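The data block below is query-v1.txt; it holds compact mmCIF, C-alpha atoms and all ligand atoms.
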```
# COMPACT_ATOMS: atom_id res chain seq x y z
CA MET A 7 35.71 -17.00 -9.63
CA LYS A 8 34.42 -20.33 -10.76
CA ILE A 9 31.97 -22.63 -9.04
CA ILE A 10 33.54 -26.06 -8.59
CA HIS A 11 30.68 -27.68 -6.72
CA GLN A 12 27.05 -26.83 -6.25
CA GLN A 13 24.17 -28.61 -4.62
CA GLN A 14 20.96 -27.35 -3.13
CA SER A 15 22.31 -25.50 -0.13
CA LEU A 16 26.03 -25.43 -0.87
CA THR A 17 28.20 -23.56 -3.33
CA VAL A 18 31.97 -23.98 -3.45
CA TYR A 19 33.73 -21.17 -5.27
CA GLN A 20 37.33 -21.48 -6.31
CA SER A 21 39.59 -18.49 -6.69
CA ALA A 22 41.79 -17.99 -9.73
CA LEU A 23 44.67 -17.97 -7.23
CA TYR A 24 46.09 -21.09 -5.61
CA MET A 25 42.85 -23.00 -6.15
CA THR A 26 41.64 -21.48 -2.87
CA ASN A 27 38.08 -22.38 -1.98
CA SER A 28 35.41 -20.11 -0.54
CA ILE A 29 32.21 -21.77 0.59
CA VAL A 30 28.65 -20.51 0.86
CA ILE A 31 26.19 -22.68 2.81
CA GLU A 32 22.54 -21.78 3.02
CA THR A 33 20.24 -23.48 5.49
CA PRO A 34 16.73 -22.47 6.55
CA GLU A 35 18.23 -20.64 9.53
CA LEU A 36 21.58 -19.23 8.44
CA VAL A 37 23.95 -18.31 5.69
CA LEU A 38 27.53 -19.36 6.36
CA ILE A 39 30.52 -18.16 4.38
CA VAL A 40 33.86 -19.86 4.84
CA ASP A 41 37.21 -18.15 4.12
CA PRO A 42 35.99 -15.53 1.61
CA ASN A 43 39.00 -14.88 -0.63
CA TRP A 44 41.16 -13.70 -2.75
CA LEU A 45 40.72 -10.91 -5.31
CA PRO A 46 38.35 -7.96 -4.73
CA GLN A 47 36.01 -9.06 -7.53
CA GLU A 48 35.93 -12.57 -6.09
CA VAL A 49 35.13 -11.35 -2.59
CA GLU A 50 32.47 -9.06 -4.07
CA LYS A 51 30.86 -12.03 -5.78
CA LEU A 52 30.61 -13.82 -2.44
CA ARG A 53 29.22 -10.68 -0.84
CA HIS A 54 26.57 -10.46 -3.56
CA HIS A 55 25.71 -14.12 -3.15
CA ALA A 56 25.21 -13.60 0.59
CA ASP A 57 23.17 -10.40 0.10
CA TRP A 58 21.00 -12.07 -2.54
CA VAL A 59 20.00 -15.06 -0.44
CA LEU A 60 20.21 -13.80 3.14
CA GLY A 61 16.67 -12.51 3.76
CA ASP A 62 16.10 -12.37 7.50
CA ARG A 63 18.62 -15.07 8.29
CA GLU A 64 21.78 -14.54 10.30
CA LEU A 65 25.05 -14.26 8.38
CA TYR A 66 28.08 -16.12 9.74
CA VAL A 67 31.65 -16.12 8.50
CA LEU A 68 33.93 -18.99 9.50
CA PHE A 69 37.70 -18.75 9.27
CA THR A 70 39.45 -22.10 9.07
CA HIS A 71 42.76 -20.51 10.18
CA SER A 72 44.58 -17.19 10.18
CA ASP A 73 46.77 -17.48 7.07
CA TYR A 74 46.40 -14.21 5.20
CA ASP A 75 44.87 -15.78 2.10
CA HIS A 76 42.01 -17.12 4.23
CA ILE A 77 41.16 -13.94 6.16
CA ILE A 78 41.76 -11.56 3.25
CA GLY A 79 38.02 -10.99 2.61
CA TYR A 80 36.96 -10.40 6.20
CA GLY A 81 36.53 -6.64 5.87
CA ALA A 82 33.77 -7.13 3.27
CA PHE A 83 31.50 -8.76 5.89
CA PRO A 84 31.40 -6.28 8.76
CA THR A 85 28.00 -7.37 10.09
CA ALA A 86 28.60 -11.12 10.03
CA LYS A 87 29.06 -13.19 13.16
CA VAL A 88 32.59 -14.53 13.05
CA ILE A 89 33.46 -18.09 14.04
CA ALA A 90 37.09 -19.12 14.59
CA SER A 91 39.33 -20.84 17.10
CA ARG A 92 40.37 -19.19 20.34
CA GLN A 93 43.94 -19.49 19.07
CA LEU A 94 43.09 -17.36 16.04
CA HIS A 95 41.56 -14.77 18.35
CA ASN A 96 44.49 -14.94 20.78
CA GLN A 97 47.30 -14.45 18.27
CA PRO A 98 49.74 -11.91 19.65
CA GLU A 99 49.27 -8.41 18.26
CA GLN A 100 52.52 -8.56 16.28
CA VAL A 101 51.40 -11.80 14.61
CA LYS A 102 48.06 -10.23 13.65
CA GLN A 103 49.89 -7.21 12.26
CA ALA A 104 52.30 -9.43 10.31
CA ILE A 105 49.34 -11.27 8.73
CA LEU A 106 47.71 -7.97 7.71
CA GLU A 107 51.06 -6.82 6.35
CA GLU A 108 51.14 -9.91 4.09
CA ILE A 109 47.80 -8.81 2.63
CA ARG A 110 49.10 -5.27 2.07
CA GLN A 111 52.27 -6.67 0.50
CA PHE A 112 50.22 -8.81 -1.87
CA ASP A 113 48.00 -5.88 -2.79
CA ASP A 114 50.99 -3.62 -3.43
CA ASP A 115 52.75 -6.31 -5.46
CA TYR A 116 49.79 -6.60 -7.82
CA TYR A 117 48.34 -3.03 -7.58
CA VAL A 118 45.20 -4.42 -5.99
CA VAL A 119 42.68 -1.96 -4.54
CA ARG A 120 40.05 -3.33 -2.20
CA PRO A 121 36.77 -1.53 -1.56
CA TYR A 122 36.80 -2.70 2.04
CA PRO A 123 39.22 -2.33 4.95
CA ILE A 124 42.04 -4.78 5.59
CA VAL A 125 41.42 -5.84 9.18
CA TYR A 126 42.01 -8.87 11.37
CA PRO A 127 38.84 -10.85 12.25
CA GLN A 128 36.99 -9.94 15.42
CA VAL A 129 35.82 -13.32 16.66
CA ASP A 130 32.27 -13.59 18.05
CA ILE A 131 32.06 -17.35 18.50
CA MET A 132 35.31 -18.76 19.81
CA ILE A 133 36.02 -22.47 19.55
CA GLU A 134 38.09 -23.74 22.45
CA GLU A 135 37.70 -27.50 22.41
CA ASP A 136 37.03 -30.51 20.24
CA GLY A 137 33.40 -31.34 19.71
CA HIS A 138 32.12 -27.80 20.35
CA VAL A 139 28.66 -27.71 18.79
CA LEU A 140 26.83 -24.70 17.43
CA GLU A 141 23.19 -25.41 16.73
CA VAL A 142 21.17 -22.96 14.70
CA GLY A 143 17.70 -24.41 14.10
CA SER A 144 18.19 -27.76 12.43
CA THR A 145 21.78 -26.98 11.41
CA ARG A 146 24.50 -28.40 13.55
CA LEU A 147 28.11 -27.26 13.26
CA THR A 148 30.66 -29.40 15.10
CA PHE A 149 34.15 -27.99 15.47
CA TYR A 150 37.49 -29.67 16.03
CA LEU A 151 40.76 -27.93 16.79
CA ALA A 152 43.23 -28.61 14.00
CA PRO A 153 46.75 -27.36 14.77
CA GLY A 154 49.79 -28.34 12.72
CA HIS A 155 49.55 -26.32 9.52
CA THR A 156 49.13 -23.24 11.72
CA ASN A 157 48.45 -23.26 15.47
CA ASP A 158 44.91 -21.98 15.05
CA GLY A 159 43.19 -24.31 12.56
CA LEU A 160 39.66 -25.65 12.74
CA ILE A 161 37.96 -28.58 11.05
CA THR A 162 34.21 -28.11 10.90
CA VAL A 163 31.44 -30.60 10.17
CA VAL A 164 28.12 -29.26 8.97
CA ASP A 165 25.18 -31.60 9.63
CA PRO A 166 22.74 -32.74 8.43
CA LEU A 167 24.37 -31.72 5.14
CA GLY A 168 27.30 -34.03 5.88
CA ILE A 169 30.04 -31.59 4.88
CA VAL A 170 33.56 -31.55 6.29
CA ILE A 171 35.33 -28.22 5.96
CA ALA A 172 38.96 -29.23 6.32
CA GLY A 173 40.85 -25.92 6.10
CA ASP A 174 44.36 -26.48 4.80
CA TYR A 175 44.30 -30.24 5.39
CA LEU A 176 43.43 -33.15 3.10
CA SER A 177 44.06 -31.27 -0.12
CA ASP A 178 44.51 -33.24 -3.33
CA ILE A 179 47.01 -30.73 -4.70
CA GLU A 180 49.12 -29.66 -1.70
CA PHE A 181 51.32 -31.89 0.41
CA PRO A 182 51.25 -30.89 4.10
CA TYR A 183 52.48 -27.33 4.58
CA MET A 184 53.78 -27.37 8.13
CA TYR A 185 54.25 -23.88 9.53
CA HIS A 186 53.51 -24.86 13.10
CA SER A 187 54.40 -28.43 14.07
CA SER A 188 54.77 -31.80 12.37
CA THR A 189 53.70 -33.60 15.53
CA GLU A 190 50.53 -31.55 15.81
CA TYR A 191 49.94 -32.03 12.10
CA MET A 192 50.10 -35.82 12.54
CA ARG A 193 47.69 -35.62 15.47
CA THR A 194 45.27 -33.56 13.42
CA LEU A 195 45.40 -36.13 10.61
CA LEU A 196 44.57 -38.82 13.15
CA LYS A 197 41.72 -36.67 14.43
CA ALA A 198 40.50 -36.22 10.85
CA ASP A 199 40.21 -39.99 10.59
CA GLN A 200 38.08 -40.07 13.74
CA ILE A 201 35.96 -37.18 12.49
CA ILE A 202 35.28 -38.92 9.19
CA LYS A 203 34.39 -42.18 10.93
CA ALA A 204 32.13 -40.40 13.44
CA HIS A 205 30.29 -38.15 11.00
CA ASN A 206 30.28 -40.28 7.86
CA PRO A 207 30.40 -37.15 5.65
CA GLN A 208 29.04 -36.84 2.14
CA LEU A 209 31.58 -34.26 1.05
CA LEU A 210 35.00 -33.01 2.03
CA ILE A 211 36.06 -29.49 1.09
CA PRO A 212 39.75 -28.60 1.45
CA GLY A 213 41.11 -25.07 1.58
CA HIS A 214 42.87 -25.57 -1.75
CA GLY A 215 42.07 -28.04 -4.52
CA ASN A 216 39.14 -30.27 -5.30
CA VAL A 217 36.23 -31.42 -3.19
CA THR A 218 35.56 -35.12 -2.86
CA ALA A 219 32.43 -37.11 -2.08
CA ASP A 220 34.36 -40.36 -1.96
CA GLN A 221 35.27 -41.54 1.55
CA LEU A 222 37.99 -43.79 0.14
CA GLU A 223 39.59 -40.73 -1.39
CA MET A 224 39.26 -38.85 1.91
CA GLU A 225 41.13 -41.71 3.57
CA GLN A 226 43.67 -41.82 0.76
CA ARG A 227 44.38 -38.10 1.08
CA ARG A 228 44.93 -38.56 4.80
CA LEU A 229 47.29 -41.50 4.31
CA THR A 230 49.22 -39.64 1.62
CA ALA A 231 49.72 -36.69 3.98
CA GLU A 232 50.84 -38.96 6.83
CA ASP A 233 53.19 -40.78 4.51
CA TYR A 234 54.74 -37.51 3.35
CA ILE A 235 55.41 -36.40 6.94
CA VAL A 236 56.84 -39.74 8.07
CA ARG A 237 59.14 -40.06 5.05
CA MET A 238 60.15 -36.42 5.13
CA ARG A 239 61.01 -36.61 8.82
CA GLN A 240 63.12 -39.70 8.13
CA ALA A 241 64.85 -38.09 5.14
CA VAL A 242 65.61 -34.92 7.09
CA SER A 243 67.01 -36.82 10.05
CA ASN A 244 69.24 -38.84 7.66
CA ASN A 245 70.02 -35.68 5.68
CA ASP A 246 69.05 -37.66 2.60
CA GLN A 247 68.51 -35.06 -0.14
CA ILE A 248 67.63 -37.63 -2.78
CA VAL A 249 64.72 -39.07 -0.82
CA MET A 250 63.73 -35.57 0.29
CA TYR A 251 63.26 -34.33 -3.26
CA SER A 252 61.80 -37.59 -4.53
CA LEU A 253 58.85 -36.90 -2.22
CA ILE A 254 57.76 -33.94 -4.33
CA ALA A 255 58.93 -35.28 -7.70
CA ASP A 256 55.38 -35.34 -9.07
CA CYS A 257 53.87 -32.35 -7.27
CA PRO A 258 51.98 -29.77 -9.31
CA PHE A 259 53.30 -26.19 -9.58
CA PRO A 260 56.81 -27.35 -8.62
CA ARG A 261 58.47 -23.92 -8.84
CA ASN A 262 56.19 -22.74 -6.07
CA MET A 263 55.67 -25.86 -4.02
CA ARG A 264 59.38 -26.59 -3.73
CA ARG A 265 59.64 -23.57 -1.46
CA TYR A 266 57.03 -25.00 0.93
CA HIS A 267 58.83 -28.33 0.87
CA GLU A 268 62.06 -26.55 1.80
CA HIS A 269 60.25 -24.73 4.56
CA ASN A 270 59.05 -28.12 5.87
CA LYS A 271 62.64 -29.28 5.80
CA ARG A 272 63.74 -26.36 7.96
CA LEU A 273 60.89 -26.89 10.42
CA LEU A 274 61.70 -30.58 10.72
CA GLU A 275 65.41 -29.82 11.20
CA GLU A 276 64.51 -27.47 14.04
CA GLU A 277 62.18 -30.03 15.59
CA ILE A 278 64.78 -32.78 15.36
CA THR A 279 67.49 -30.56 16.87
CA PHE A 280 65.12 -29.50 19.64
CA THR A 281 64.23 -33.13 20.36
CA LYS A 282 67.90 -34.11 20.50
CA ILE A 283 68.69 -31.26 22.86
CA HIS A 284 65.85 -32.32 25.11
CA ASP A 285 66.98 -35.91 24.97
CA SER A 286 63.67 -37.58 24.34
CA THR A 287 62.51 -39.87 21.59
CA LEU A 288 61.15 -38.38 18.40
CA PRO A 289 57.43 -37.90 18.91
CA LEU A 290 55.08 -39.19 16.27
ZN ZN A 301 45.72 -21.66 2.55
```
Once more with this new file: its structure as structure tokens, please.
Ligand SMILES: [Zn+2]
Amino acid sequence: MKIIHQQQSLTVYQSALYMTNSIVIETPELVLIVDPNWLPQEVEKLRHHADWVLGDRELYVLFTHSDYDHIIGYGAFPTAKVIASRQLHNQPEQVKQAILEEIRQFDDDYYVVRPYPIVYPQVDIMIEEDGHVLEVGSTRLTFYLAPGHTNDGLITVVDPLGIVIAGDYLSDIEFPYMYHSSTEYMRTLLKADQIIKAHNPQLLIPGHGNVTADQLEMEQRRLTAEDYIVRMRQAVSNNDQIVMYSLIADCPFPRNMRRYHEHNKRLLEEEITFTKIHDSTLPL
């Protein structure tokens, strides 16, 4: 597991798989780990990092959303206080079980043995609304609900460090993966703009891909994501395959990402059909 960014109180680790980022933040009052993932040795490294620096501080683990790759390391941190959205906590039991089953499937596929249990996060601090603030000493975490990719996402700002933890939004390598709703995804992108303007962050950390300290790039990533959704929606409603595939012509890892693009197509088709049935205009 390589370190892709390090400054005094922040380490961003990147998994060998899917460029997935795990974050360790150390402040005078707390140690916060975000989305510890993927492979057992990688999760163990994060565990060691936390154990090494913790001292008498409180350990928190934040989950940006419930996708299995993001909660896969939870069982290695049984004593941590867990922060996540109420929606993550409230997922129906069969959804929770399906997520855990994805972890077991992955582990069976690759003969992976984990020295910790595969369990769904027990949430201690539930985020229910935008602007929820958690203050621990001089550290201030501000949370924003971020549905669209999944229904249970969170964007978190850590001040005074000036860090935005974006979850699976604003990646430089992934176009929007819409499992939940394109309309909600657009709203979350709009919210991200407001968050960036309000907090003036120094660093943005996506769930997958590279961090950026450049606010112009943050804005560019947001516009690129919006543009993808608008064009894709248009192409799907016109059933224009050529435009549809031109949108991912230059994407990295095309053999994989094409599948997510096709999934977006199906979601948009369903949304468009639903909208037609309900005889209203297409929401943006
Ligand atoms: Zn992810």
Original post:
What is the CA of Arg239 (chain A)-CA of Glu108 (chain A) distance in Å, reported with one decimal?
Top reply: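 Pair CA of Arg239 (chain A) / CA of Glu108 (chain A) returns 28.9 Å.
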All residues within 9 Å of ligand ZN 301 (chain A) are required, counting only C-alpha atoms and all ligand atoms; please report them as a compact mmCIF listing (two decimals) with C-alpha atoms, in the coordinates of the input.
```
# COMPACT_ATOMS: atom_id res chain seq x y z
CA TYR A 24 46.09 -21.09 -5.61
CA THR A 26 41.64 -21.48 -2.87
CA ASN A 27 38.08 -22.38 -1.98
CA HIS A 71 42.76 -20.51 10.18
CA SER A 72 44.58 -17.19 10.18
CA ASP A 73 46.77 -17.48 7.07
CA TYR A 74 46.40 -14.21 5.20
CA ASP A 75 44.87 -15.78 2.10
CA HIS A 76 42.01 -17.12 4.23
CA GLY A 173 40.85 -25.92 6.10
CA ASP A 174 44.36 -26.48 4.80
CA GLY A 213 41.11 -25.07 1.58
CA HIS A 214 42.87 -25.57 -1.75
```
**OP:** May I have the protein, DNA and RNA residues with any atom at most 10 Å from the point (54.6, -26.4, -3.7), counting only C-alpha atoms, written as an MDAnalysis selection string?
**Re:** chainID A and resid 179:183 254 257:268
Original post:
In terms of the shortest atom-to-atom distance over all atoms listed in the file, which of A:Leu195, A:Leu45, A:Leu209, A:Val40 is closest to Tyr66 (chain A)?
Top reply: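 Answer, going by the shortest atom-to-atom distance: A:Val40.
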Original post:
What does the distance between CA of Thr281 (chain A) and CA of Asn96 (chain A) come to in Å, to one decimal place?
Top reply: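 Separation of CA of Thr281 (chain A) and CA of Asn96 (chain A): 26.8 Å.
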Determine, counting only C-alpha atoms, which protein, DNA and RNA residues have an atom within 10 Å of an atom of Gln14 (chain A); residues of the same chain fewer than 3 positions away are not included. Present the result as a PDB file with C-alpha atoms, in the frame of the given file.
```pdb
ATOM      1  CA  THR A  17      28.200 -23.560  -3.330  1.00  0.00           C
ATOM      2  CA  ILE A  31      26.190 -22.680   2.810  1.00  0.00           C
ATOM      3  CA  GLU A  32      22.540 -21.780   3.020  1.00  0.00           C
ATOM      4  CA  THR A  33      20.240 -23.480   5.490  1.00  0.00           C
ATOM      5  CA  LEU A 167      24.370 -31.720   5.140  1.00  0.00           C
TER       6      LEU A 167
END
```
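Here CA of Gln128 (chain A) and CA of Glu35 (chain A) stand 22.4 Å from one another.
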**OP:** Could you tell me which of A:Phe69, A:Tyr117, A:Tyr251, A:Tyr191 comes closest to Met132 (chain A) if we count all atoms listed in the file?
**Re:**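 The closest residue to Met132 (chain A) is A:Phe69.
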Original post:
Given the choices A:Val236, A:Leu151, A:Met250, A:Ile169, which gets closest to Leu16 (chain A) if the distance is worked out from only C-alpha atoms?
Top reply: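 Looking only at the distances to Leu16 (chain A), the closest residue turns out to be A:Ile169.
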